[in-house]
$ cat upload_2.cif   # mmCIF, C-alpha atoms
data_start
#
loop_
_atom_site.label_atom_id
_atom_site.label_comp_id
_atom_site.auth_asym_id
_atom_site.auth_seq_id
_atom_site.Cartn_x
_atom_site.Cartn_y
_atom_site.Cartn_z
CA MET A 1187 -27.44 28.88 12.31
CA LEU A 1188 -24.31 28.53 10.21
CA ALA A 1189 -23.10 32.02 11.11
CA ASP A 1190 -23.62 31.33 14.82
CA GLU A 1191 -21.60 28.14 14.59
CA ALA A 1192 -18.83 29.96 12.68
CA GLU A 1193 -18.72 32.68 15.32
CA ALA A 1194 -18.55 30.08 18.10
CA LEU A 1195 -15.38 28.66 16.55
CA GLY A 1196 -13.78 32.02 15.75
CA PRO A 1197 -10.38 32.99 17.13
CA LYS A 1198 -11.76 34.98 20.08
CA ALA A 1199 -14.14 32.19 21.09
CA ALA A 1200 -11.75 29.31 20.52
CA GLY A 1201 -11.61 28.47 24.24
CA HIS A 1202 -8.20 26.87 24.05
CA SER A 1203 -8.21 26.62 27.84
CA ASP A 1204 -10.99 24.02 27.52
CA PRO A 1205 -9.91 20.37 27.78
CA PRO A 1206 -9.12 18.78 24.42
CA VAL A 1207 -12.12 16.45 24.61
CA VAL A 1208 -14.46 19.44 25.00
CA LEU A 1209 -12.89 21.11 21.98
CA LEU A 1210 -13.42 17.91 20.02
CA ALA A 1211 -17.09 17.89 21.09
CA ARG A 1212 -17.43 21.45 19.77
CA ALA A 1213 -15.75 20.35 16.54
CA ARG A 1214 -18.18 17.43 16.30
CA ARG A 1215 -21.11 19.85 16.56
CA ALA A 1216 -19.63 22.09 13.85
CA PHE A 1217 -19.22 19.11 11.51
CA ALA A 1218 -22.83 18.10 12.17
CA VAL A 1219 -24.02 21.60 11.21
CA ALA A 1220 -21.76 21.65 8.13
CA GLY A 1221 -23.17 18.30 7.07
CA LEU A 1222 -26.72 19.50 7.54
CA VAL A 1223 -26.09 22.64 5.48
CA SER A 1224 -24.42 20.56 2.77
CA MET A 1225 -27.42 18.22 2.70
CA VAL A 1226 -29.84 21.12 2.31
CA LEU A 1227 -27.69 22.71 -0.39
CA ALA A 1228 -27.46 19.40 -2.25
CA GLU A 1229 -31.25 19.19 -2.32
CA HIS A 1230 -32.22 22.85 -2.79
CA GLY A 1231 -29.20 24.92 -3.78
CA VAL A 1232 -29.42 27.00 -6.93
CA PRO A 1233 -27.48 26.43 -9.04
CA ALA A 1234 -27.51 22.73 -8.12
CA ARG A 1235 -24.06 21.38 -7.42
CA ASP A 1236 -23.57 17.64 -7.15
CA ALA A 1237 -20.46 18.16 -5.05
CA TYR A 1238 -22.56 19.40 -2.11
CA ASP A 1239 -23.30 15.71 -1.51
CA LEU A 1240 -19.57 15.31 -0.88
CA GLY A 1241 -19.84 17.91 1.88
CA GLY A 1242 -22.30 15.71 3.73
CA ILE A 1243 -20.11 12.65 3.24
CA LEU A 1244 -16.98 14.43 4.54
CA ALA A 1245 -18.84 15.82 7.56
CA ASP A 1246 -20.29 12.40 8.39
CA ALA A 1247 -16.84 10.82 8.09
CA ALA A 1248 -15.39 13.37 10.52
CA CYS A 1249 -18.23 12.77 13.00
CA THR A 1250 -17.58 9.02 12.78
CA VAL A 1251 -13.92 9.59 13.71
CA LEU A 1252 -14.75 12.00 16.55
CA ASP A 1253 -17.62 10.02 18.12
CA PRO A 1254 -15.53 7.37 19.93
CA VAL A 1255 -13.09 9.89 21.45
CA VAL A 1256 -15.77 12.40 22.43
CA GLY A 1257 -18.21 9.87 23.84
CA PRO A 1258 -22.00 9.94 23.93
CA GLU A 1259 -22.22 12.11 27.06
CA LEU A 1260 -20.29 15.02 25.54
CA VAL A 1261 -21.97 14.58 22.18
CA ALA A 1262 -25.30 15.01 23.97
CA ALA A 1263 -24.01 17.82 26.21
CA HIS A 1264 -22.94 19.83 23.19
CA ARG A 1265 -26.06 18.84 21.27
CA ALA A 1266 -23.68 17.65 18.60
CA ASP A 1267 -25.98 14.83 17.62
CA LEU A 1268 -28.57 17.22 16.16
CA ARG A 1269 -31.38 14.92 17.17
CA ARG A 1270 -33.83 14.06 14.43
CA GLY A 1271 -36.36 16.72 15.45
CA GLU A 1272 -33.72 19.44 15.72
CA ALA A 1273 -32.11 18.43 12.45
CA GLN A 1274 -35.46 18.50 10.68
CA GLN A 1275 -36.26 21.94 12.08
CA LEU A 1276 -32.83 23.30 11.15
CA ALA A 1277 -33.11 21.79 7.67
CA GLN A 1278 -36.46 23.52 7.16
CA LEU A 1279 -35.02 26.86 8.31
CA ALA A 1280 -32.00 26.45 6.06
CA GLU A 1281 -34.23 25.50 3.12
CA PHE A 1282 -36.37 28.57 3.76
CA ASP A 1283 -33.28 30.78 3.92
CA ILE A 1284 -31.88 29.34 0.69
CA THR A 1285 -35.22 29.62 -1.09
CA PHE A 1286 -35.94 33.22 -0.15
CA ASN A 1287 -32.57 34.83 0.52
CA ALA A 1288 -29.88 33.15 -1.56
CA ARG A 1289 -29.55 34.22 -5.15
CA ILE A 1290 -27.58 32.63 -7.94
CA GLY A 1291 -23.98 33.63 -7.48
CA GLU A 1292 -24.60 34.89 -3.92
CA PRO A 1293 -21.56 33.78 -1.93
CA ALA A 1294 -23.02 34.28 1.57
CA ILE A 1295 -23.54 30.62 2.43
CA ASP A 1296 -20.24 29.44 0.96
CA ASP A 1297 -18.36 32.32 2.62
CA THR A 1298 -19.87 31.52 6.00
CA MET A 1299 -19.02 27.86 5.54
CA VAL A 1300 -15.41 28.82 4.71
CA THR A 1301 -15.28 30.88 7.93
CA LEU A 1302 -16.70 27.96 9.93
CA LEU A 1303 -14.26 25.49 8.41
CA THR A 1304 -11.28 27.81 8.94
CA GLY A 1305 -12.11 28.05 12.65
CA LEU A 1306 -12.75 24.32 12.80
CA SER A 1307 -9.41 23.50 11.18
CA ASP A 1308 -7.58 25.88 13.55
CA LEU A 1309 -9.30 24.28 16.55
CA LEU A 1310 -8.48 20.75 15.40
CA ALA A 1311 -4.86 21.62 14.59
CA GLY A 1312 -4.59 23.05 18.11
CA VAL A 1313 -5.90 19.82 19.65
CA ALA A 1314 -3.58 17.71 17.48
CA ALA A 1315 -0.62 19.72 18.82
CA ASP A 1316 -1.86 19.88 22.42
CA GLU A 1317 0.33 17.91 24.83
CA ARG A 1318 -2.65 17.59 27.21
CA ALA A 1319 -4.57 15.54 24.66
CA ILE A 1320 -4.30 11.77 24.82
CA PRO A 1321 -2.97 10.02 21.70
CA GLU A 1322 -6.46 8.94 20.54
CA GLN A 1323 -7.69 12.54 20.75
CA ARG A 1324 -4.70 13.89 18.86
CA ARG A 1325 -5.09 11.24 16.15
CA ALA A 1326 -8.83 11.94 15.77
CA ALA A 1327 -8.12 15.68 15.60
CA ARG A 1328 -5.57 15.17 12.78
CA ILE A 1329 -7.98 13.00 10.78
CA ALA A 1330 -10.91 15.37 11.31
CA ASP A 1331 -8.70 18.35 10.41
CA ALA A 1332 -8.02 16.74 7.04
CA GLN A 1333 -11.79 16.48 6.50
CA ALA A 1334 -12.26 20.13 7.52
CA ARG A 1335 -9.54 21.24 5.09
CA GLU A 1336 -11.08 19.26 2.25
CA LEU A 1337 -14.50 20.80 2.98
CA TRP A 1338 -12.85 24.24 3.20
CA THR A 1339 -11.37 23.73 -0.26
CA HIS A 1340 -14.63 22.58 -1.78
CA TYR A 1341 -16.55 25.53 -0.36
CA GLY A 1342 -14.07 27.96 -1.94
CA GLY A 1343 -11.49 28.52 0.78
CA ASP A 1344 -8.82 28.14 -1.87
CA SER A 1345 -10.75 30.54 -4.12
CA GLY A 1346 -11.60 27.64 -6.39
CA GLY A 1347 -14.90 26.54 -4.95
CA TRP A 1348 -17.28 23.98 -6.33
#
$ encode --input "upload_2.cif" --output "structure tokens"
Amino acid sequence: MLADEAEALGPKAAGHSDPPVVLLARARRAFAVAGLVSMVLAEHGVPARDAYDLGGILADAACTVLDPVVGPELVAAHRADLRRGEAQQLAQLAEFDITFNARIGEPAIDDTMVTLLTGLSDLLAGVAADERAIPEQRRAARIADAQARELWTHYGGDSGGW
């Protein structure tokens, strides 16, 4: 799930010809997935890291900023809301993956999150600089980009990690 989302935001799939509001909807979905993964890691990650809770908080904050400019129709169209049933199913799959595949010191999840957040930050920086975007969209993109960069840092994008 996380790898698919990271690939969808990669440089080749960035879709910069899409309207800015559609790119923001895609960013909203990526934040929702990052928040879900952070929540699962906070509850089940080994070794336990309290800072994973911060990942969920940062992702939720970004979604709160993006929601008004994206609008409920695009949120739903991009399934960015991760409806309760979908979120529960994805959380169970992520928990299963962590339980049976992730080992102490295994960087796979953090590395994939760094890839996702790098693509997300690039996408948001592009929207913030896009002359086609209305001021509210550009402002939301700048704020959300700051959240993406902070998450990127916490997941080890700066080689520090949590």
$ atom_distance --input "upload_2.cif" --atom1 "CA of Glu1336 in chain A" --atom2 "CA of Arg1215 in chain A"
17.5 Å
$ resolve_selection --input "upload_2.cif" --expression "the PyMOL selection byres ((chain A and resi 1330) around 10)" --output "list in words"
Leu1210, Ala1213, Arg1214, Phe1217, Leu1244, Ala1245, Ala1247, Ala1248, Cys1249, Thr1250, Val1251, Leu1252, Leu1306, Ser1307, Leu1310, Ala1311, Ala1314, Arg1324, Arg1325, Ala1326, Ala1327, Arg1328, Ile1329, Asp1331, Ala1332, Gln1333, Ala1334, Arg1335 and Glu1336 of chain A
$ atom_distance --input "upload_2.cif" --atom1 "CA of Ala1216 in chain A" --atom2 "CA of Leu1303 in chain A"
8.4 Å
$ residues_around --input "upload_2.cif" --residues "Gly1221 in chain A" --least-positions-apart "3" --cutoff "7 Å" --atoms "all atoms listed in the file" --output "VMD selection string"
chain A and resid 1217 to 1218 1224 to 1225 1241 to 1242 1245 to 1246
$ residues_around --input "upload_2.cif" --residues "Val1313 in chain A" --least-positions-apart "4" --cutoff "9 Å" --atoms "only C-alpha atoms" --output "ChimeraX atom specification"
/A:1202,1206-1207,1209-1210,1308-1309,1317-1319,1323-1324,1327-1328
$ write_last_selection --input "upload_2.cif" --atoms "C-alpha atoms" --output "PDB file, in the coordinates of the input"
ATOM      1  CA  HIS A1202      -8.200  26.870  24.050  1.00  0.00           C
ATOM      2  CA  PRO A1206      -9.120  18.780  24.420  1.00  0.00           C
ATOM      3  CA  VAL A1207     -12.120  16.450  24.610  1.00  0.00           C
ATOM      4  CA  LEU A1209     -12.890  21.110  21.980  1.00  0.00           C
ATOM      5  CA  LEU A1210     -13.420  17.910  20.020  1.00  0.00           C
ATOM      6  CA  ASP A1308      -7.580  25.880  13.550  1.00  0.00           C
ATOM      7  CA  LEU A1309      -9.300  24.280  16.550  1.00  0.00           C
ATOM      8  CA  GLU A1317       0.330  17.910  24.830  1.00  0.00           C
ATOM      9  CA  ARG A1318      -2.650  17.590  27.210  1.00  0.00           C
ATOM     10  CA  ALA A1319      -4.570  15.540  24.660  1.00  0.00           C
ATOM     11  CA  GLN A1323      -7.690  12.540  20.750  1.00  0.00           C
ATOM     12  CA  ARG A1324      -4.700  13.890  18.860  1.00  0.00           C
ATOM     13  CA  ALA A1327      -8.120  15.680  15.600  1.00  0.00           C
ATOM     14  CA  ARG A1328      -5.570  15.170  12.780  1.00  0.00           C
TER      15      ARG A1328
END
$ atom_distance --input "upload_2.cif" --atom1 "CA of Val1223 in chain A" --atom2 "CA of Asp1253 in chain A"
19.8 Å
$ axis_aligned_box --input "upload_2.cif" --around "range 1311-1323 of chain A" --padding-each-side "8 Å" --output "lines of an AutoDock Vina configuration file"
center_x = -3.7
center_y = 16.0
center_z = 20.9
size_x = 24.0
size_y = 30.1
size_z = 28.6
$ residues_around --input "upload_2.cif" --residues "Asp1297 in chain A" --least-positions-apart "6" --cutoff "10 Å" --atoms "only C-alpha atoms" --output "PyMOL selection string"
chain A and resi 1189+1303+1338+1341-1343
$ closest_residue --input "upload_2.cif" --among "A:Asp1344, A:Pro1205, A:Pro1254, A:Leu1337" --to "Leu1302 in chain A" --atoms "only C-alpha atoms"
A:Leu1337
$ closest_residue --input "upload_2.cif" --among "A:Ala1211, A:Leu1240, A:Leu1222, A:Glu1322" --to "Gly1257 in chain A" --atoms "all atoms listed in the file"
A:Ala1211
$ closest_residue --input "upload_2.cif" --among "A:Val1256, A:Ile1320, A:Ala1220, A:Leu1227" --to "Met1299 in chain A" --atoms "all atoms listed in the file"
A:Ala1220
